[in-house]
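*Asks:* Dropping a structure here in structure tokens format, bear with me for questions.
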Amino acid sequence: MIFGMPPELWFEAVLFGVLLGCFYAAVSIGLSVSFGLLDVPHVAHPALMVFGSYCTWVVASWGLDPILAGVLLMPLFFVVGVLLYRFYYETFERRGTEAGVRGLAFFFGIAFIVEVGLILGFGVDQRTVQAPYIGSSLELGDYRIPYRMLVAFGVALVLTFALTIYLSKTFTGRAIKAVAQDEPALRLMGANPVRIKQWAFGIATGVSALAGAMLIIIGPVEPALDRLYIGRTFCVVVLAGLGSMTGTLAAGLILGVAESLVLIHPSLGASWAPAVAFGLLLLVLGVRPQGLFGR
Amino acid sequence: MASILQVENVSKHFGGFTALNGVSLEIAQGERFGLIGPNGSGKTTLINCIAGALRNESGSIRFNDAEISRMPAYKRTRLGIARSFQVPRPFHSMTVLENLLVPSAYVTHLKDSEGEARGMEILKGIGLAGKAHALANQLSQVELRKLELARAMAAKPRLLISDEAMAGLSGSEVDEVLKILFDLNEKGITIIMIEHIMQAVMRFSQRVVCLDAGKIICEGTPSSIVQNPDVQKAYLGA
Amino acid sequence: MKFWTSMGVLFLAALGAALSGVNEYFFYAGYIVLTFVVLSTAWNILGGYAGYVNFGTGAFFGLGSYSAVVLFKALQAPLAVQIAAAALVGAALGFGVGLLTLRLRGIFFAIATVAILFICETLMVNWRYVGGATGLQLLRPEVMAPFGSYTRMLFVVMALLALVAISVARYIQVGWIGRGLRAIRDSEEAAESSGVPTLRLKLFACTVSGALMGAAGAPMPMYLSFIEPASTFSLNWGVSALAMPMIGGTAHWIGPVIGALLLGSIQQIVTVTISNEINVLVVGVLLVAFVVLAPDGIYGLFRKWLRSSR
């Protein structure tokens with residue numbers, strides 16, 4: 001027994017934690033771009049993601065597979081992201097002066113409006129989706145891994161790698177990274193930083209649609225879920241270090257395993273789980289605010 | 001001449017990038033000191049380390065014989081180091097005069113009435129008296145630069161660091177700012193000037209140091225610096 | 001002098017109302033509105049004056065409530081002691097969170113306040129002494145004469161707290177501390193290089209703000225005769241405490257008061273006549289509207305109107 005848990009329990013926690021962690025990384029990667037790279041105080045990111053979950057629920061109720069629904073929603077969310085950034089930029093970043101407080105207050109307000117909008121539209125009850133891989137599990141010896149976790153794990157990996165490659169190999173992707181590091185230089189090269197940031201924010205929001213789909217696959221969603229995910233997503237992004245995509249995966253895994261351990265531990269359990277992400281976040285802020293791989 | 005500032009072997013890194021690599025220099029009291037170097041050479045990093053906006057990782061910085069490299073910036077200002085910012089950072093919700101009340105309250109500990117009187121004197125001396133009650137965010141570029149200097153002056157500094165105060169100004173505006181700095185120096189204030197405008201540096205400085213890639217590559221009188229081949233190479237490229 | 005006279009008059013008015021035959025519901029709703037006056041005034045000391053946004057007002061408020069509950073349950077402590085203890089706890093939390101994160105950029109402080117909110121809730125959910133997730137019923141002590149009901153007494157107590165909060169905010173605003181905080185808000189780097197001890201001032205503002213929020217939380221368990229974690233540590237307190245100063249105006253102590261009285265009253269009406277969800281929607285929409293269209297709030301609009309009509 002180590003820390004009150006037998007080895008089998010440890011293994012199960014780590015196994016589950018790795019799957020969960022990749023999921024957390026995937027839902028945070030949009031924030032890694034919008035907040036980590038673009039410095040937008042996007043506390044409404046989880047709210048938009050939950051909105052994505054509900055949109056997925058609607059589309060899935062027409063008979064489509066939820067993952068497919070999420071993918072189909074991505075272009076729509078991309079447009080929403082572009083418009084939202086444009087509005088934010090024109091109203092706040094342009095004027096420069098007191099943008100900090102107002103920007104934060106703005107996104108906070110947006111998060112609440114989205115959340116209440118969902119309550120008014122769908123009620124406070126939890127929603128779930130159906131799919132062949134939801135409900136059954138893969139059996140490996142003594143361990144049962146829910147298929148939906150594997151699906152989310154797979155999608156998460158694909159998403160993370162795709163975005164990382166996009167940012168490092170394509171021209172637009174590298175421009176996005178450049179605008180985060182040295183905007184004046186980018187201007188001198190003739191590129192328009194605002195359009196690049198807009199595009200990046202659009203991608204981040206588009207990704208949130210798929211993240212939302214995964215969210216509702218993993219478990220039931222309710223409108224207030226975004227509050228808890230503020231902790232999880234910001235924990236991952238800050239732990240990773242602002243601007244680091246690969247760090248997001250590592251940070252997600254750390255959070256996933258930590259939460260999983262708390263969840264499975266006999267004396268702790270689900271009533272302590274919400275504190276893990278937030279506690280880890282505070283720890284990082286206090287000890288190493290630049291995160292693991294921060295710039 | 002007594003030395004007011006001693007920078008010894010100061011280094012500063014940003015992740016993998018070395019901004020300052022073992023920089024050492026000594027500045028005498030009352031001196032007019034010029035700091036030049038191409039963009040990215042570490043000039044602003046160096047004065048940020050001296051003023052306290054950044055902490056140097058190694059080496060020592062002594063001001064009036066006191067080691068200051070672990071001191072927060074506000075304490076250094078209270079000791080007598082003032083600086084202006086390259087991109088002006090006015091207190092935009094306050095008037096020009098109120099801007100000066102901040103250092104007079106926090107550095108020289110004057111009551112508001114005394115602070116205002118002294119502030120008006122400073123503003124008169126640099127030609128901003130007419131704008132004393134204008135909001136700081138309504139000033140022109142050159143007025144903002146002057147406000148930066150006025151705010152530094154209100155802190156009654158012994159050492160003033162002027163960070164590219166003349167960038168983008170017209171010929172006559174440069175002369176105005178230069179005159180302000182000369183007047184301050186005459187009152188006994190040591191001045192470090194960072195500038196790209198060579199004619200200003202030449203006219204103003206008694207001694208000049210050139211930085212490139214975090215290292216001092218040359219030190220001497222203005223005329224000798226300008227003729228130095230290393231300096232020319234640094235600015236024009238190999 | 002004018003200030004203190006008006007404050008005195010207002011307090012006497014509150015006292016007079018409490019002793020009169022005014023409808024009980026007025027005090028029931030008025031207590032909440034006055035709570036918001038304290039919370040928004042307290043929020044503004046750090047958020048409006050210094051520019052550091054606190055999302056987690058509920059944490060300070062909630063810990064104040066739970067401190068009061070603990071003292072009441074363990075020692076039958078009188079309300080005044082509960083309030084004092086709650087203020088201390090709020091101050092300690094403000095100081096702690098501040099020490100941890102005020103060195104960093106504003107958004108990190110803001111996120112840290114959300115973290116504190118959830119952590120406090122989780123701690124209280126797992127603490128059986130205070131009732132855990134289901135909460136605790138509380139028996140009110142005998143109401144003190146001359147008040148006819150406990151709610152009326154709490155109304156007057158909260159009026160007094162509001163007075164204290166406003167006086168503190170005003171004192172900070174007009175003094176040298178306020179100037180330093182404003183300098184920090186406008187340009188923290190320039191403030192530091194103008195001799196302002198930025199970290200110390202921010203910590204001060206955060207501590208004072210936390211203390212007032214904690215104090216405001218102390219009478220709440222008695223008001224409800226009940227306490228439970230979910231509603232106490234809700235993010236909804238945070239959005240109101242933030243929206244009210246932003247709507248009323250953050251530059252002056254009267255802004256949060258205007259915002260609290262206005263938005264607080266609207267909230268009471270909407271919650272009763274329509275629903276709690278629409279209430280939150282109204283707060284959110286008004287917040288975004290003001291932040292985008294009238295960033296200086298009602299107070300700012302009033303100033304502009306004064307200047308233009310000259």
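The way I read the labels, and the way they are meant: chains A, B, ... in the order of the structure tokens, residue 1 as the first residue of every chain, and ligand 1 as the first ligand shown, with later ones counted on from there.
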Could you give me, as a tab-separated table (two decimals) with N, CA and C atoms, in the first residue's frame, the residues within 8 Å of B:Gly22, counting only C-alpha atoms and dropping anything in the same chain fewer than 5 positions from it?

*Replies:*
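And here is the file that came out, selection03.tsv:
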chain	number	residue	atom	x	y	z
B	8	GLU	N	28.98	45.65	-12.39
B	8	GLU	CA	30.10	44.71	-12.49
B	8	GLU	C	29.63	43.36	-12.96
B	9	ASN	N	30.06	42.98	-14.16
B	9	ASN	CA	29.86	41.62	-14.66
B	9	ASN	C	28.39	41.17	-14.64
B	10	VAL	N	27.51	42.03	-15.10
B	10	VAL	CA	26.08	41.74	-15.02
B	10	VAL	C	25.63	40.92	-16.22
B	11	SER	N	24.88	39.85	-15.92
B	11	SER	CA	24.34	39.00	-17.00
B	11	SER	C	22.84	38.82	-16.82
B	59	GLY	N	26.33	39.03	-11.17
B	59	GLY	CA	27.02	40.30	-11.18
B	59	GLY	C	26.44	41.23	-10.14
B	214	GLY	N	24.72	42.11	-26.22
B	214	GLY	CA	24.88	41.91	-24.79
B	214	GLY	C	26.27	42.15	-24.24
B	215	LYS	N	27.17	42.63	-25.08
B	215	LYS	CA	28.54	42.88	-24.60
B	215	LYS	C	28.97	44.29	-24.96

*Asks:* What's around stretch 269-286 of chain C at 8 Å? Count only C-alpha atoms, leave out sequence neighbours fewer than 4 positions away in its own chain, and write the answer as a list in words.

*Replies:* Gly109, Ile110, Phe112, Ile113, Val116, Gly117, Ile119 and Leu120 of chain A; Asn236, Val239, Ser240, Ala243, Ile247, Leu263, Ser265 and Phe290 of chain C

*Asks:* Can you write just those residues out, N, CA and C atoms, as a CSV table (one decimal), in the first residue's frame?

*Replies:*
chain,number,residue,atom,x,y,z
A,109,GLY,N,-18.6,38.2,-18.5
A,109,GLY,CA,-20.0,38.5,-18.9
A,109,GLY,C,-20.5,37.6,-20.0
A,110,ILE,N,-19.7,37.4,-21.0
A,110,ILE,CA,-20.1,36.5,-22.1
A,110,ILE,C,-20.3,35.1,-21.6
A,112,PHE,N,-21.2,34.1,-18.7
A,112,PHE,CA,-22.5,34.0,-18.0
A,112,PHE,C,-23.7,34.0,-19.0
A,113,ILE,N,-23.6,34.9,-20.0
A,113,ILE,CA,-24.7,35.0,-20.9
A,113,ILE,C,-24.9,33.6,-21.6
A,116,VAL,N,-26.4,31.0,-19.1
A,116,VAL,CA,-27.8,31.2,-18.9
A,116,VAL,C,-28.6,31.0,-20.1
A,117,GLY,N,-28.0,31.3,-21.3
A,117,GLY,CA,-28.7,31.0,-22.5
A,117,GLY,C,-29.0,29.5,-22.7
A,119,ILE,N,-29.2,27.4,-20.2
A,119,ILE,CA,-30.2,27.0,-19.2
A,119,ILE,C,-31.6,27.3,-19.8
A,120,LEU,N,-31.8,28.5,-20.3
A,120,LEU,CA,-33.1,28.9,-20.9
A,120,LEU,C,-33.5,28.1,-22.0
C,236,ASN,N,-22.0,33.3,-8.9
C,236,ASN,CA,-22.9,34.4,-9.1
C,236,ASN,C,-22.6,35.6,-8.2
C,239,VAL,N,-20.1,37.6,-10.1
C,239,VAL,CA,-20.4,38.4,-11.3
C,239,VAL,C,-21.2,39.6,-10.8
C,240,SER,N,-22.0,39.5,-9.8
C,240,SER,CA,-22.7,40.7,-9.3
C,240,SER,C,-21.7,41.7,-8.7
C,243,ALA,N,-20.1,43.3,-11.6
C,243,ALA,CA,-21.0,44.1,-12.5
C,243,ALA,C,-21.4,45.4,-11.9
C,247,ILE,N,-20.9,48.9,-13.7
C,247,ILE,CA,-22.1,49.6,-14.2
C,247,ILE,C,-22.2,51.0,-13.5
C,263,LEU,N,-28.7,47.8,-9.6
C,263,LEU,CA,-28.7,46.4,-10.0
C,263,LEU,C,-29.3,45.5,-8.9
C,265,SER,N,-31.6,46.2,-6.7
C,265,SER,CA,-33.1,46.3,-6.8
C,265,SER,C,-33.6,45.5,-8.0
C,290,PHE,N,-22.4,47.7,-20.5
C,290,PHE,CA,-21.7,48.8,-19.9
C,290,PHE,C,-20.2,48.8,-20.2

*Asks:* Pull out every residue of chain C sitting within 9 Å of chain A, counting only C-alpha atoms, and send them as a ChimeraX atom specification.

*Replies:* /C:47-48,51-53,55,99-101,104,106-108,110-112,114-116,118-123,125-126,133,185-186,235-236,239,242-243,246,277-278,280-289,291-293,295

*Asks:* Residues of chain B near chain C: apply a cut-off of 6 Å, count only C-alpha atoms, and supply the list as a ChimeraX atom specification.

*Replies:* /B:73-74,77-78,91,103,106-107

*Asks:* Using DSSP on the backbone, list every residue of stretch 72-286 of chain A that comes out as alpha helix (DSSP H), and give them as a VMD selection string.

*Replies:* chain A and resid 72 to 88 99 to 122 147 to 169 171 to 181 183 to 188 193 to 218 225 to 240 245 to 264 273 to 286

*Asks:* Taking only C-alpha atoms into account, report as a CSV table (one decimal) with N, CA and C atoms, in the first residue's frame which residues of chain B lie within 9 Å of chain A.

*Replies:*
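The new file part-v1.csv reads:
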chain,number,residue,atom,x,y,z
B,14,PHE,N,17.0,35.4,-21.1
B,14,PHE,CA,15.6,35.2,-21.2
B,14,PHE,C,15.4,33.8,-21.9
B,15,GLY,N,15.2,32.8,-21.0
B,15,GLY,CA,15.1,31.5,-21.6
B,15,GLY,C,16.5,31.1,-22.2
B,92,HIS,N,-2.6,57.7,-17.5
B,92,HIS,CA,-3.5,58.3,-18.4
B,92,HIS,C,-4.8,58.8,-17.9

*Asks:* Identify, on the basis of only C-alpha atoms, every residue whose closest approach to B:Gly127 does not exceed 12 Å; exclude the query and any residue fewer than 4 positions from it along the same chain; express the result as a list in words.

*Replies:*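 Surrounding residues, per the criterion: Met120, Glu121, Ile122, Leu123, Lys131, Ala132, Val142, Glu143, Leu144, Arg145, Lys146, Leu147, Leu149, Ala150, Glu173, Glu176, Val177, Lys179 and Ile180 of chain B.
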
*Asks:* Do a neighbour search on A:Val155 at 12 Å with only C-alpha atoms, toss out local chain neighbours closer than 2 positions, and write the hits as number ranges by chain.

*Replies:* A: 19, 22-27, 66-68, 70-71, 148-153, 157-162, 207, 210-215, 217-218

*Asks:* Pick out the residues sitting within 9 Å of A:His45, and hand them over as a VMD selection string; count only C-alpha atoms, and ignore anything fewer than 2 positions along from it in its own chain.

*Replies:* chain A and resid 28 30 to 31 34 42 to 43 47 to 50 107 111 205 208 226 229 to 230 233
